[in-house]
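In what follows, a single structure is set out as structure tokens and then discussed.
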Amino acid sequence: MSKPPILMWFRRDLRLGDHEALTAASSSGQPVIPVFIHDPLVAALGAAPKMRLGLSIADLSKSLAAKGSRLILRRGDALAELRKLIAETGAGAVYWSRQYDPDSVARDKAVKSALKEDGIAAESFKGHLLFEPWTVQAKTGGYYKVYTPMWKAVCGTEVPSGLPAPGTIPAPDTWPRSEDLDDWQMGAAMQRGADILTSHCRVGELSASGRLGAFIANNLRTYIKNRDIPGVQGASGLSENLTYGEITPRICWHAGWQAWRDGKSDAEVFLKELVWREFAYHLAYHTPRITWQNWKEDWDSFPWNTDECLAEVQAWKRGRTGLRFVDAAMREMYVTGTMHNRGRMIVASYLTKHLLCHWKIGMNWFADCLIDWDPASNAMGWQWSAGSGPDASPYFRVFNPVTQLDKFDKDRTYVNRWIAEGRDTPSATSLSFYDMIPRSWDMGPGDRYPDPVVPADVGRQRALDAYQNRGF
DNA sequence: CCTGGAGTTGTCCTA
DNA sequence: TTAGGACAACTCCAG
């Protein structure tokens, strides 16, 4: 009789390389049954991230098949499905990579204690972060609430090297039944846009490491300057891969350090960006409320609009606020599933300050549209923009969407890439937006470009007044 | 416990 | 044209 298998429960760790849990399972001498469960947390994903997840699952499935293994797909409550698989296969253990966002933590805690009661070895491994949230402490006690001191504290920390992918993944004698990924219809919520969005995705472990290599070789030298210019491809683009665990932060970290030692001074800023991701997760871990309410509770009394139906909110979502930088960025997100970082700051500032709308409206829309959606980074970013978060932007810092254009899109490469109205020969990218949006939005490239729903100067003054009179 | 420095990403006005 | 200061006040963090 063969040894009891180990269930390798994949979630946001859809890779074979540098995978502590998979390596441990594969070298245990027991058969390994990889499994992905379409559980309520997957069901709750927004349209774009869910579609992107489906692509990643398909890619992982292929990689496993190439190693003589398989990815078993099940749909249902995570614990219930794991228990069924244990009953079907005689598995004695379940391994997974830890996640740190509140919903995942709650699920995983419950799964772990229930499995242990069942007499199953439930083991979680690190990998999604460089530094476990409970290991980084300020000298005054507690977790870091300000980024820079955290960076100073961790930047010299030795990070272990990545692991190679396991040479072999021992297969069981018989495989349990698997559902068919196509039946999950992961792109269904995309309506018209799935194919276009897919064409902008770079899916899987191989793409991710290729992307990292190309970034280090070609873009790191000019990273500080170019990463701020949305018309230029200056950033790494790795967020899409990091969020599904197609690459690990420590692989990126080591590549960055190597480049720094090679004299590429901009590498430090890249490493700092990785630590921003850590910072967001540490905050989410230590103060889970950051994902659903004002981190600074004083802000509960601030009179943000919470009505999603407000005309200004619709204009913002649809990229027709009449402010080109805002609209270009919103359309970029709708079409590609990503948005340049400067765009994210500008659209967030415009929604929360000029339009005085609650950051949760923006956070939820991002969660529906971003293929690199990440529960921790999204919440932290929105609260930073709104002013309600830790280490947040002060209220008088209101991005001017007009002057930002002259600073960061001087030649209008970015706005022309995404805005068709008023141009004799609109770019193909700007036209692809109209192939994706619901027809009910009733927008076309021949429309007159709208006047601002709230002009930059009017909105700025209104925001400053509201923020100044907030009474706390 | 107290002290002092610092804090991702900006804007606008003035000299 | 450009550089510097005001815009507030508070919390965090190291010493």
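Each chain in the structure tokens gets a letter, A, B, ..., in the order shown, and its residues are numbered from 1; ligands are numbered from 1 in order too.
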Legend entry - Contact residues around range 2-8 of chain C with only C-alpha atoms (C1' of nucleotides) at 10 Å, ignoring same-chain residues under 6 positions, as a list in words: Pro394, Tyr395, Phe396, Arg397 and Gln468 of chain A; DT11, DC12, DC13, DT14 and DA15 of chain B
Inset, instruction - Can you pull out every residue within 8 Å of Gly90 in chain A, counting only C-alpha atoms (C1' of nucleotides), but drop anything in the same chain fewer than 4 positions away, and send it as a PyMOL selection string? - result: chain A and resi 4-5+85-86
Within 12 Å of chain C: each chain A residue with its shortest pair, only C-alpha atoms (C1' of nucleotides), as CSV:
```
residue,atom,partner,partner_atom,distance
A:Gln137,CA,C:DC13,C1',11.3
A:Ala138,CA,C:DC13,C1',7.5
A:Lys139,CA,C:DA14,C1',7.6
A:Thr140,CA,C:DC13,C1',6.8
A:Gly141,CA,C:DC13,C1',9.7
A:Gly142,CA,C:DC13,C1',11.0
A:Tyr143,CA,C:DC12,C1',10.7
A:Tyr144,CA,C:DC12,C1',8.4
A:Lys145,CA,C:DC12,C1',7.0
A:Val146,CA,C:DC12,C1',6.7
A:Tyr147,CA,C:DC12,C1',10.1
A:Thr148,CA,C:DC13,C1',10.2
A:Pro149,CA,C:DC13,C1',7.4
A:Met150,CA,C:DC13,C1',10.0
A:Lys152,CA,C:DC13,C1',11.5
A:Ala153,CA,C:DC13,C1',11.3
A:Lys296,CA,C:DT11,C1',11.3
A:Pro390,CA,C:DT11,C1',9.4
A:Asp391,CA,C:DT11,C1',8.8
A:Ala392,CA,C:DT11,C1',11.0
A:Pro394,CA,C:DA8,C1',8.8
A:Tyr395,CA,C:DA8,C1',9.4
A:Phe396,CA,C:DC7,C1',6.8
A:Arg397,CA,C:DC7,C1',9.0
A:Val398,CA,C:DC7,C1',11.5
A:Leu464,CA,C:DC7,C1',10.7
A:Tyr467,CA,C:DA8,C1',11.6
A:Gln468,CA,C:DA8,C1',9.7
A:Phe472,CA,C:DA9,C1',10.6
```
Inset, instruction - Mind listing the strand (DSSP E or B) residues of range 91-159 of chain A, per DSSP on the backbone, as a PyMOL selection string? - result: chain A and resi 93-97+121-125
I'd like a table as a tab-separated table: residues in chain B with an atom no more than 9 Å from chain A, each row giving the shortest atom pair and its distance in Å to one decimal, only C-alpha atoms (C1' of nucleotides) counted, sorted by chain and rising residue number.
```
residue	atom	partner	partner_atom	distance
B:DG7	C1'	A:Asp391	CA	7.3
B:DT8	C1'	A:Tyr147	CA	8.5
B:DT9	C1'	A:Met345	CA	7.9
B:DG10	C1'	A:Arg397	CA	5.0
B:DT11	C1'	A:Arg397	CA	7.1
```
Inset, instruction - Measure the distance from CA of Thr198 in chain A to CA of Thr248 in chain A in Å and round it to one decimal. - result: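 Going from CA of Thr198 in chain A over to CA of Thr248 in chain A, I get 22.3 Å.
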Legend entry - Residues of range 13-66 of chain A in helix (DSSP H, G or I), written as a PyMOL selection string: chain A and resi 20-26+40-43+47-66
Residue selection dump (N, CA and C atoms) as a compact mmCIF listing (two decimals), in the first residue's frame:
```txt
# COMPACT_ATOMS: atom_id res chain seq x y z
N GLU A 20 7.93 27.09 -1.04
CA GLU A 20 8.31 26.32 0.15
C GLU A 20 7.38 25.14 0.39
N ALA A 21 6.10 25.39 0.25
CA ALA A 21 5.13 24.34 0.56
C ALA A 21 5.25 23.19 -0.45
N LEU A 22 5.32 23.55 -1.72
CA LEU A 22 5.40 22.51 -2.75
C LEU A 22 6.71 21.72 -2.65
N THR A 23 7.78 22.45 -2.34
CA THR A 23 9.07 21.78 -2.19
C THR A 23 9.04 20.81 -1.01
N ALA A 24 8.46 21.26 0.09
CA ALA A 24 8.36 20.39 1.26
C ALA A 24 7.52 19.15 0.95
N ALA A 25 6.41 19.37 0.27
CA ALA A 25 5.53 18.24 -0.05
C ALA A 25 6.24 17.28 -1.01
N SER A 26 6.90 17.83 -2.00
CA SER A 26 7.51 16.99 -3.04
C SER A 26 8.68 16.19 -2.52
N PRO A 40 -15.67 30.55 -1.59
CA PRO A 40 -16.38 31.85 -1.59
C PRO A 40 -15.47 33.05 -1.78
N LEU A 41 -14.22 32.95 -1.35
CA LEU A 41 -13.32 34.10 -1.57
C LEU A 41 -13.00 34.27 -3.05
N VAL A 42 -12.92 33.19 -3.77
CA VAL A 42 -12.73 33.28 -5.22
C VAL A 42 -14.00 33.81 -5.88
N ALA A 43 -15.12 33.29 -5.41
CA ALA A 43 -16.40 33.73 -5.98
C ALA A 43 -16.60 35.23 -5.80
N ALA A 47 -14.62 41.25 -11.45
CA ALA A 47 -14.66 40.65 -12.79
C ALA A 47 -13.26 40.42 -13.37
N ALA A 48 -12.44 41.47 -13.39
CA ALA A 48 -11.13 41.35 -14.02
C ALA A 48 -10.17 40.43 -13.24
N PRO A 49 -10.06 40.61 -11.94
CA PRO A 49 -9.17 39.71 -11.21
C PRO A 49 -9.60 38.25 -11.28
N LYS A 50 -10.90 38.01 -11.36
CA LYS A 50 -11.34 36.62 -11.44
C LYS A 50 -10.95 36.01 -12.79
N MET A 51 -11.13 36.81 -13.82
CA MET A 51 -10.74 36.31 -15.13
C MET A 51 -9.23 36.04 -15.18
N ARG A 52 -8.48 36.97 -14.64
CA ARG A 52 -7.02 36.83 -14.64
C ARG A 52 -6.60 35.60 -13.83
N LEU A 53 -7.29 35.35 -12.73
CA LEU A 53 -7.00 34.17 -11.91
C LEU A 53 -7.22 32.90 -12.73
N GLY A 54 -8.28 32.90 -13.51
CA GLY A 54 -8.54 31.72 -14.35
C GLY A 54 -7.38 31.44 -15.29
N LEU A 55 -6.81 32.49 -15.87
CA LEU A 55 -5.67 32.30 -16.77
C LEU A 55 -4.48 31.71 -16.03
N SER A 56 -4.31 32.18 -14.80
CA SER A 56 -3.18 31.71 -14.01
C SER A 56 -3.35 30.25 -13.61
N ILE A 57 -4.57 29.89 -13.28
CA ILE A 57 -4.84 28.49 -12.93
C ILE A 57 -4.55 27.58 -14.13
N ALA A 58 -4.96 28.03 -15.30
CA ALA A 58 -4.71 27.23 -16.50
C ALA A 58 -3.21 27.05 -16.74
N ASP A 59 -2.47 28.13 -16.48
CA ASP A 59 -1.02 28.07 -16.69
C ASP A 59 -0.36 27.11 -15.70
N LEU A 60 -0.78 27.22 -14.44
CA LEU A 60 -0.22 26.32 -13.43
C LEU A 60 -0.55 24.86 -13.76
N SER A 61 -1.76 24.67 -14.23
CA SER A 61 -2.21 23.34 -14.59
C SER A 61 -1.27 22.70 -15.63
N LYS A 62 -0.92 23.50 -16.62
CA LYS A 62 0.01 23.03 -17.65
C LYS A 62 1.38 22.71 -17.08
N SER A 63 1.87 23.62 -16.23
CA SER A 63 3.19 23.41 -15.65
C SER A 63 3.23 22.12 -14.84
N LEU A 64 2.15 21.88 -14.10
CA LEU A 64 2.10 20.66 -13.30
C LEU A 64 2.03 19.43 -14.21
N ALA A 65 1.25 19.53 -15.26
CA ALA A 65 1.12 18.41 -16.19
C ALA A 65 2.47 18.06 -16.80
N ALA A 66 3.26 19.10 -17.08
CA ALA A 66 4.58 18.87 -17.66
C ALA A 66 5.50 18.11 -16.72
```
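The neighbours of range 449-459 of chain A here are the residues that come within 10 Å of it, using only C-alpha atoms (C1' of nucleotides) and leaving out any residue fewer than 6 positions away in the same chain; they are A:Ala311, A:Glu312, A:Val313, A:Ala315, A:Trp316, A:Arg320, A:Thr321, A:Gly322, A:Leu323, A:Arg324, A:Tyr350, A:Lys353, A:His354, A:Leu355, A:Leu356, A:Val398, A:Phe399, A:Asn400, A:Pro401, A:Val402, A:Thr403, A:Ile419, A:Ala420, A:Glu421, A:Gly422, A:Arg423, A:Asp465.
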Inset, instruction - Identify, on the basis of only C-alpha atoms (C1' of nucleotides), every residue whose closest approach to Gly213 in chain A does not exceed 12 Å; exclude the query and any residue fewer than 6 positions from it along the same chain; express the result as a ChimeraX atom specification. - result: /A:206-207,219-220,236-238,247,251-252,254-256,258-259
Same residues, C-alpha atoms, saved as a compact mmCIF listing (two decimals), in the first residue's frame:
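Generated file (selection35.txt):
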```
# COMPACT_ATOMS: atom_id res chain seq x y z
CA LEU A 206 7.64 31.95 -17.04
CA SER A 207 6.26 35.34 -18.15
CA ASN A 219 14.51 49.62 -17.34
CA LEU A 220 16.23 49.72 -13.98
CA SER A 236 8.33 46.57 -13.77
CA GLY A 237 4.68 45.60 -14.26
CA LEU A 238 5.26 42.77 -11.82
CA ILE A 247 6.72 35.08 -8.83
CA ILE A 251 13.11 36.48 -6.25
CA CYS A 252 12.50 40.15 -7.10
CA HIS A 254 17.49 39.26 -4.88
CA ALA A 255 17.41 40.45 -8.47
CA GLY A 256 17.16 44.02 -7.22
CA GLN A 258 22.19 42.02 -7.42
CA ALA A 259 21.54 45.00 -9.68
```
